[in-house]
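File shown here: protein.txt, holding compact mmCIF, C-alpha atoms.
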```txt
# COMPACT_ATOMS: atom_id res chain seq x y z
CA MET D 25 -86.06 -136.94 -147.26
CA PHE D 26 -82.25 -136.92 -146.74
CA LYS D 27 -82.46 -133.83 -144.50
CA ASP D 28 -85.20 -135.47 -142.39
CA THR D 29 -83.06 -138.60 -141.92
CA VAL D 30 -80.04 -136.52 -140.89
CA LYS D 31 -82.15 -134.46 -138.49
CA ARG D 32 -83.53 -137.62 -136.86
CA LEU D 33 -80.00 -139.05 -136.45
CA LEU D 34 -78.79 -135.74 -135.00
CA GLU D 35 -81.67 -135.66 -132.51
CA GLU D 36 -80.95 -139.26 -131.47
CA GLY D 37 -77.28 -138.38 -130.90
CA LEU D 38 -78.22 -135.33 -128.81
CA GLU D 39 -80.66 -137.45 -126.75
CA GLN D 40 -77.69 -139.63 -125.74
CA ARG D 41 -75.76 -136.52 -124.64
CA PRO D 42 -78.16 -134.20 -122.76
CA ASP D 43 -75.26 -131.88 -121.89
CA LEU D 44 -75.01 -130.94 -125.58
CA PHE D 45 -77.53 -128.87 -127.52
CA LEU D 46 -78.08 -127.76 -131.09
CA ILE D 47 -77.28 -124.21 -132.20
CA ASP D 48 -77.66 -124.58 -135.97
CA PHE D 49 -78.30 -127.33 -138.50
CA ASP D 50 -78.51 -127.26 -142.27
CA VAL D 51 -78.20 -129.55 -145.27
CA LEU D 52 -77.10 -127.66 -148.36
CA SER D 53 -78.12 -128.51 -151.93
CA ASP D 54 -74.84 -130.40 -152.51
CA ASN D 55 -75.58 -132.60 -149.43
CA THR D 56 -73.10 -130.77 -147.23
CA ILE D 57 -74.33 -131.27 -143.67
CA LYS D 58 -73.44 -128.46 -141.25
CA VAL D 59 -74.09 -128.88 -137.54
CA ILE D 60 -73.15 -126.37 -134.83
CA ILE D 61 -73.44 -127.53 -131.23
CA ASP D 62 -72.76 -126.12 -127.79
CA GLY D 63 -72.65 -127.69 -124.38
CA ASP D 64 -73.49 -126.80 -120.81
CA ASN D 65 -69.80 -127.36 -119.97
CA GLY D 66 -68.36 -126.27 -123.31
CA VAL D 67 -67.61 -128.51 -126.29
CA LEU D 68 -64.58 -130.73 -126.74
CA VAL D 69 -63.32 -132.25 -129.99
CA GLU D 70 -64.60 -135.59 -128.65
CA ASP D 71 -68.12 -134.13 -128.41
CA CYS D 72 -68.02 -133.07 -132.07
CA MET D 73 -66.71 -136.53 -132.99
CA PHE D 74 -69.54 -138.19 -131.05
CA ILE D 75 -72.23 -136.22 -132.91
CA SER D 76 -70.43 -136.72 -136.22
CA ARG D 77 -70.35 -140.48 -135.71
CA ALA D 78 -73.99 -140.55 -134.61
CA ILE D 79 -74.89 -139.15 -138.02
CA GLU D 80 -72.23 -140.57 -140.33
CA ASN D 81 -72.29 -144.17 -139.07
CA ASN D 82 -76.00 -144.42 -139.82
CA LEU D 83 -75.94 -143.06 -143.37
CA ASP D 84 -75.05 -145.01 -146.50
CA ARG D 85 -72.57 -143.20 -148.76
CA GLU D 86 -73.47 -145.63 -151.54
CA GLU D 87 -77.02 -144.31 -151.42
CA THR D 88 -76.25 -140.58 -150.97
CA ASP D 89 -72.86 -138.89 -151.18
CA PHE D 90 -72.42 -136.20 -148.51
CA SER D 91 -69.91 -134.22 -146.49
CA LEU D 92 -70.34 -133.55 -142.79
CA GLU D 93 -69.09 -130.72 -140.60
CA VAL D 94 -69.77 -130.70 -136.85
CA LEU D 95 -68.53 -127.54 -135.14
CA SER D 96 -68.75 -125.96 -131.74
CA ALA D 97 -70.24 -122.50 -131.35
CA GLY D 98 -67.31 -120.08 -131.43
CA ALA D 99 -66.33 -117.95 -128.44
CA THR D 100 -67.32 -114.79 -130.29
CA ALA D 101 -70.47 -116.18 -131.91
CA PRO D 102 -73.72 -114.50 -130.83
CA LEU D 103 -75.75 -116.36 -128.22
CA SER D 104 -78.84 -117.93 -129.74
CA ASN D 105 -80.06 -120.42 -127.15
CA GLN D 106 -81.22 -119.75 -123.58
CA ARG D 107 -78.92 -122.53 -122.32
CA GLN D 108 -75.97 -120.50 -123.59
CA TYR D 109 -76.88 -117.65 -121.25
CA LYS D 110 -76.95 -119.95 -118.22
CA LYS D 111 -73.50 -121.34 -118.98
CA ASN D 112 -72.07 -117.80 -119.30
CA ILE D 113 -73.21 -116.47 -115.91
CA GLY D 114 -70.40 -114.37 -114.45
CA ARG D 115 -69.01 -113.34 -117.84
CA THR D 116 -69.32 -109.96 -119.54
CA LEU D 117 -71.95 -109.74 -122.27
CA SER D 118 -72.73 -107.11 -124.86
CA VAL D 119 -76.49 -107.12 -125.47
CA GLN D 120 -78.27 -105.19 -128.20
CA THR D 121 -82.00 -104.82 -127.76
CA LYS D 122 -84.53 -104.57 -130.57
CA ASP D 123 -85.07 -100.88 -129.75
CA GLY D 124 -81.37 -100.16 -130.47
CA GLU D 125 -80.03 -99.96 -126.92
CA THR D 126 -76.67 -101.60 -126.18
CA ILE D 127 -75.91 -102.80 -122.66
CA GLU D 128 -72.56 -104.22 -121.62
CA GLY D 129 -72.37 -105.82 -118.22
CA THR D 130 -71.77 -108.91 -116.16
CA LEU D 131 -74.40 -111.60 -116.60
CA ASP D 132 -75.64 -112.15 -113.05
CA GLU D 133 -78.70 -114.29 -113.69
CA ALA D 134 -80.41 -116.18 -116.52
CA THR D 135 -83.98 -117.33 -115.87
CA ASP D 136 -86.49 -118.96 -118.20
CA ASP D 137 -87.72 -115.57 -119.49
CA HIS D 138 -85.02 -112.92 -118.87
CA ILE D 139 -81.42 -112.13 -117.99
CA ILE D 140 -80.01 -109.70 -115.44
CA LEU D 141 -76.90 -107.67 -116.24
CA SER D 142 -74.93 -105.48 -113.85
CA TRP D 143 -72.21 -102.89 -114.45
CA LYS D 144 -70.62 -99.80 -112.93
CA SER D 145 -71.10 -96.36 -114.42
CA ARG D 146 -69.45 -93.00 -113.74
CA GLU D 147 -72.15 -90.33 -113.43
CA PRO D 148 -72.20 -86.68 -112.37
CA LYS D 149 -72.68 -86.08 -108.65
CA PRO D 150 -76.21 -85.04 -107.71
CA VAL D 151 -74.76 -82.00 -105.95
CA GLY D 152 -71.45 -80.32 -106.73
CA LYS D 153 -68.76 -81.06 -109.25
CA GLY D 154 -67.20 -84.39 -110.16
CA LYS D 155 -68.49 -87.87 -110.73
CA VAL D 156 -69.43 -90.86 -108.63
CA THR D 157 -69.44 -94.57 -109.45
CA VAL D 158 -72.94 -96.01 -109.55
CA ASN D 159 -73.88 -99.70 -109.64
CA LYS D 160 -76.45 -100.37 -112.35
CA ARG D 161 -78.65 -103.39 -113.13
CA ALA D 162 -80.90 -104.20 -116.05
CA GLU D 163 -83.43 -106.96 -116.57
CA VAL D 164 -83.65 -107.88 -120.25
CA VAL D 165 -86.41 -110.17 -121.54
CA TYR D 166 -85.16 -112.70 -124.13
CA GLY D 167 -87.77 -111.56 -126.65
CA THR D 168 -86.31 -108.04 -126.68
CA ILE D 169 -82.73 -109.16 -127.43
CA SER D 170 -81.65 -108.75 -131.05
CA LYS D 171 -78.02 -109.82 -130.45
CA ALA D 172 -75.97 -110.89 -127.46
CA GLN D 173 -72.40 -112.08 -127.29
CA VAL D 174 -69.69 -112.72 -124.75
CA VAL D 175 -67.07 -109.95 -124.55
CA ILE D 176 -63.57 -111.41 -124.64
CA LYS D 177 -61.09 -109.33 -122.64
CA PHE D 178 -57.34 -109.83 -122.62
```

Same coordinates, now as structure tokens:
Amino acid sequence: MFKDTVKRLLEEGLEQRPDLFLIDFDVLSDNTIKVIIDGDNGVLVEDCMFISRAIENNLDREETDFSLEVLSAGATAPLSNQRQYKKNIGRTLSVQTKDGETIEGTLDEATDDHIILSWKSREPKPVGKGKVTVNKRAEVVYGTISKAQVVIKF
């Protein structure tokens, strides 16, 4: 009952802010509410405060004691929502597929059913000694991705 009420309040808050979207939501047995959000343009502290208030201001602590955490998805957290791919176009991703293949490349495109990554690879020349740089591209369907995350380079 409590979890359903919190979920409804969370959904109402997100409806008011269509640029934000839910990554994870849980209510633990001790009534600790954990919400992780992301946004099409990133997440500011003010965005977390907005969602927190949308939930907290509509619950009665006299009726149910609770704690509330609203967090943004971390920079190194795996991508779990298709909207996260679209906002990371142009960045380097490391993608592991369900068949065990790992692809690291620049995210060039994110459609409704797949992503396209591109990268450069050094490969042996077809004739003679030495190597040449080859431009590679891969289309990866969302359903085949087991884990994907942004690669942070310094």

Practice problem: Might you pull out every residue within 8 Å of segment 42-57 of chain D, with only C-alpha atoms counted and same-chain residues fewer than 5 positions away left off, and present them as a VMD selection string? | Solution: chain D and resid 27 62 to 65 67 89 to 93 97 104 to 105

Selection from above, C-alpha atoms, as a tab-separated table (two decimals), in the coordinates of the input, can you write it?
```
chain	number	residue	atom	x	y	z
D	27	LYS	CA	-82.46	-133.83	-144.50
D	62	ASP	CA	-72.76	-126.12	-127.79
D	63	GLY	CA	-72.65	-127.69	-124.38
D	64	ASP	CA	-73.49	-126.80	-120.81
D	65	ASN	CA	-69.80	-127.36	-119.97
D	67	VAL	CA	-67.61	-128.51	-126.29
D	89	ASP	CA	-72.86	-138.89	-151.18
D	90	PHE	CA	-72.42	-136.20	-148.51
D	91	SER	CA	-69.91	-134.22	-146.49
D	92	LEU	CA	-70.34	-133.55	-142.79
D	93	GLU	CA	-69.09	-130.72	-140.60
D	97	ALA	CA	-70.24	-122.50	-131.35
D	104	SER	CA	-78.84	-117.93	-129.74
D	105	ASN	CA	-80.06	-120.42	-127.15
```

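Compared by their closest atoms to Gly114 of chain D, and using only C-alpha atoms, the residues D:Ala78, D:Val94, D:Leu141, D:Val156 rank with D:Leu141 nearest.
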
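In this structure, atom CA of Asn82 of chain D sits 25.7 Å away from atom CA of Gly66 of chain D.
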
Quiz item: From the list D:Leu33, D:Tyr109, D:Ile61, D:Ser118, which residue is nearest Glu80 of chain D when using only C-alpha atoms?
Solution: D:Leu33

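In this structure, atom CA of Ala99 of chain D sits 12.6 Å away from atom CA of Ile60 of chain D.
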
List the spatial neighbours of Thr29 of chain D as a PDB file with C-alpha atoms, in the frame of the given file - criterion: any atom at most 10 Å away, all atoms listed in the file, same-chain residues fewer than 4 positions off excluded.
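Result file is selection27.pdb:
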```pdb
ATOM      1  CA  MET D  25     -86.060-136.940-147.260  1.00  0.00           C
ATOM      2  CA  LEU D  33     -80.000-139.050-136.450  1.00  0.00           C
ATOM      3  CA  LEU D  34     -78.790-135.740-135.000  1.00  0.00           C
ATOM      4  CA  GLU D  35     -81.670-135.660-132.510  1.00  0.00           C
ATOM      5  CA  ILE D  79     -74.890-139.150-138.020  1.00  0.00           C
ATOM      6  CA  ASN D  82     -76.000-144.420-139.820  1.00  0.00           C
ATOM      7  CA  LEU D  83     -75.940-143.060-143.370  1.00  0.00           C
TER       8      LEU D  83
END
```

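One distance worth recording is that between atom CA of Phe26 of chain D and atom CA of Leu68 of chain D, which is 27.4 Å.
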
Quiz prompt | Minimum-distance residue to Glu36 of chain D, chosen among D:Arg107, D:Ile75, D:Pro102, D:Ile169 (using only C-alpha atoms) | solution = D:Ile75
